[in-house]
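Asker: I have a structure here, written as structure tokens, and I will follow up with some questions on it.
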Amino acid sequence: MRLVPRAGADRIDGVVDGELRVRVSAAPVDGAANAALERVLAEALGIAKGRIRLVAGAASRRKVIDIDGVDAATLRVRWPGLDV
């Protein structure tokens with residue numbers, strides 16, 4: 001997953017080169033961009049934000065996310081071309 005902080009709006013751009021590209025308006029300060037990422041993903045999937053966990057990449061634009069209760073097939077249907 002690739003996070004683009006300080007964007008004009010919070011949105012999911014889709015899959016680019018196998019990675020989900022997510023833009024958030026929050027700056028990457030004190031975890032604000034990571035929290036916004038979790039919120040955007042939770043809203044897109046219709047799940048609670050607490051089911052999304054940042055596994056790696058807290059200080060990087062590239063993130064590894066664990067989503068509790070959502071399997072890889074569901075993510076591939078939602079975002080075709082996603083490498084999961």
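Chain lettering (A, B, ...) mirrors the order of the structure tokens, residue numbering begins at 1 for each chain separately, and ligand numbering begins at 1 in order of display.
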Within 7 Å of region 26-42 of chain A, counting only C-alpha atoms, which residues qualify if same-chain residues fewer than 2 places away don't, as a list in words?
Answerer: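 Counting only C-alpha atoms, the residues come to Pro5, Arg6, Asp10, Arg11, Val24, Ala44, Leu45, Gly46, Ile47, Ala48, Lys49 and Ile52 of chain A.
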Asker: Find the spatial neighbours of Met1 (chain A), counting only C-alpha atoms, within a cut-off of 9 Å - ignore same-chain residues fewer than 5 positions away - and output them as a PyMOL selection string.
Answerer: chain A and resi 15+18-22+61-65
Asker: Determine, counting only C-alpha atoms, which protein, DNA and RNA residues have an atom within 7 Å of an atom of Ala72 (chain A); residues of the same chain fewer than 3 positions away are not included. Present the result as an mmCIF file with N, CA and C atoms, in the first residue's frame.
Answerer:
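Wrote it out as result_9.cif, contents follow:
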data_model
loop_
_atom_site.group_PDB
_atom_site.id
_atom_site.type_symbol
_atom_site.label_atom_id
_atom_site.label_comp_id
_atom_site.auth_asym_id
_atom_site.auth_seq_id
_atom_site.Cartn_x
_atom_site.Cartn_y
_atom_site.Cartn_z
ATOM 1 N N LEU A 75 -10.574 -8.411 -0.948
ATOM 2 C CA LEU A 75 -9.807 -7.219 -1.317
ATOM 3 C C LEU A 75 -9.535 -7.166 -2.818
ATOM 4 N N ARG A 76 -9.266 -8.320 -3.416
ATOM 5 C CA ARG A 76 -9.013 -8.361 -4.860
ATOM 6 C C ARG A 76 -10.272 -8.033 -5.668
ATOM 7 N N VAL A 84 -1.960 -9.008 -2.928
ATOM 8 C CA VAL A 84 -2.205 -9.216 -1.522
ATOM 9 C C VAL A 84 -1.427 -10.409 -1.031
#
Asker: Run DSSP on the backbone and grab whatever in region 8-75 of chain A lands in strand (DSSP E); send it over as a ChimeraX atom specification.
Answerer: /A:11-16,19-23,52-56,64-67
Asker: Store the residues of this selection in a file with C-alpha atoms, as a PDB file, in the first residue's frame.
Answerer:
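Listed below is the output, part-v7.pdb:
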ATOM      1  CA  ARG A  11      -9.570   9.195  -1.087  1.00  0.00           C
ATOM      2  CA  ILE A  12      -8.487   5.883  -2.541  1.00  0.00           C
ATOM      3  CA  ASP A  13      -7.037   6.343  -6.018  1.00  0.00           C
ATOM      4  CA  GLY A  14      -7.090   2.631  -6.811  1.00  0.00           C
ATOM      5  CA  VAL A  15      -4.394   0.126  -7.630  1.00  0.00           C
ATOM      6  CA  VAL A  16      -1.131   1.306  -9.211  1.00  0.00           C
ATOM      7  CA  GLU A  19      -0.299  -1.381  -4.681  1.00  0.00           C
ATOM      8  CA  LEU A  20      -3.359   0.366  -3.339  1.00  0.00           C
ATOM      9  CA  ARG A  21      -2.763   4.129  -3.481  1.00  0.00           C
ATOM     10  CA  VAL A  22      -4.470   6.124  -0.751  1.00  0.00           C
ATOM     11  CA  ARG A  23      -4.360   9.913  -0.374  1.00  0.00           C
ATOM     12  CA  ILE A  52      -7.269  -2.300  10.685  1.00  0.00           C
ATOM     13  CA  ARG A  53      -3.719  -2.536  12.015  1.00  0.00           C
ATOM     14  CA  LEU A  54      -0.533  -1.014  10.645  1.00  0.00           C
ATOM     15  CA  VAL A  55       2.016  -3.850  10.584  1.00  0.00           C
ATOM     16  CA  ALA A  56       4.993  -2.091   8.970  1.00  0.00           C
ATOM     17  CA  VAL A  64       1.775  -3.058   5.309  1.00  0.00           C
ATOM     18  CA  ILE A  65      -1.727  -3.319   6.743  1.00  0.00           C
ATOM     19  CA  ASP A  66      -3.519  -6.208   8.438  1.00  0.00           C
ATOM     20  CA  ILE A  67      -7.291  -6.154   8.161  1.00  0.00           C
TER      21      ILE A  67
END
Asker: Can you list, as a compact mmCIF listing (two decimals) with N, CA and C atoms, in the first residue's frame, all residues belonging to chain A that DSSP tags as alpha helix (DSSP H)?
Answerer:
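Listing of result_32.txt after writing:
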# COMPACT_ATOMS: atom_id res chain seq x y z
N ALA A 32 -0.76 11.19 12.42
CA ALA A 32 -2.04 11.67 11.89
C ALA A 32 -2.35 11.07 10.52
N ALA A 33 -1.35 10.97 9.66
CA ALA A 33 -1.59 10.40 8.32
C ALA A 33 -1.93 8.92 8.43
N ASN A 34 -1.27 8.20 9.32
CA ASN A 34 -1.56 6.78 9.50
C ASN A 34 -2.98 6.57 10.04
N ALA A 35 -3.39 7.41 10.97
CA ALA A 35 -4.75 7.32 11.50
C ALA A 35 -5.78 7.62 10.42
N ALA A 36 -5.48 8.60 9.58
CA ALA A 36 -6.39 8.93 8.48
C ALA A 36 -6.47 7.77 7.49
N LEU A 37 -5.34 7.12 7.23
CA LEU A 37 -5.32 5.95 6.36
C LEU A 37 -6.24 4.86 6.90
N GLU A 38 -6.14 4.58 8.17
CA GLU A 38 -6.99 3.55 8.78
C GLU A 38 -8.47 3.92 8.65
N ARG A 39 -8.79 5.19 8.86
CA ARG A 39 -10.18 5.64 8.76
C ARG A 39 -10.70 5.51 7.33
N VAL A 40 -9.90 5.92 6.35
CA VAL A 40 -10.31 5.85 4.94
C VAL A 40 -10.55 4.39 4.53
N LEU A 41 -9.64 3.51 4.92
CA LEU A 41 -9.80 2.09 4.58
C LEU A 41 -11.04 1.50 5.26
N ALA A 42 -11.23 1.82 6.54
CA ALA A 42 -12.40 1.30 7.27
C ALA A 42 -13.70 1.75 6.61
N GLU A 43 -13.77 3.02 6.23
CA GLU A 43 -14.97 3.52 5.57
C GLU A 43 -15.19 2.83 4.23
N ALA A 44 -14.13 2.63 3.46
CA ALA A 44 -14.25 2.00 2.15
C ALA A 44 -14.71 0.55 2.26
N LEU A 45 -14.28 -0.13 3.31
CA LEU A 45 -14.62 -1.54 3.49
C LEU A 45 -15.87 -1.74 4.34
N ALA A 72 -8.15 -12.03 1.46
CA ALA A 72 -7.49 -11.50 0.27
C ALA A 72 -8.42 -11.48 -0.95
N ALA A 73 -9.27 -12.48 -1.08
CA ALA A 73 -10.18 -12.54 -2.22
C ALA A 73 -11.14 -11.35 -2.22
N THR A 74 -11.62 -10.98 -1.06
CA THR A 74 -12.52 -9.84 -0.94
C THR A 74 -11.82 -8.55 -1.36
N LEU A 75 -10.57 -8.41 -0.95
CA LEU A 75 -9.81 -7.22 -1.32
C LEU A 75 -9.54 -7.17 -2.82
N ARG A 76 -9.27 -8.32 -3.42
CA ARG A 76 -9.01 -8.36 -4.86
C ARG A 76 -10.27 -8.03 -5.67
N VAL A 77 -11.42 -8.43 -5.15
CA VAL A 77 -12.68 -8.10 -5.83
C VAL A 77 -12.93 -6.60 -5.71
N ARG A 78 -12.69 -6.05 -4.55
CA ARG A 78 -12.90 -4.61 -4.30
C ARG A 78 -11.95 -3.75 -5.12
Asker: In Å to one decimal, how far is CA of Arg2 (chain A) from CA of Val70 (chain A)?
Answerer: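 It comes out at 19.1 Å.
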Asker: Which one of A:Ser25, A:Ala9, A:Asp68, A:Asp17 sits closest to Asp83 (chain A) if you count only C-alpha atoms?
Answerer: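 The answer is A:Asp17, which sits nearest to Asp83 (chain A).
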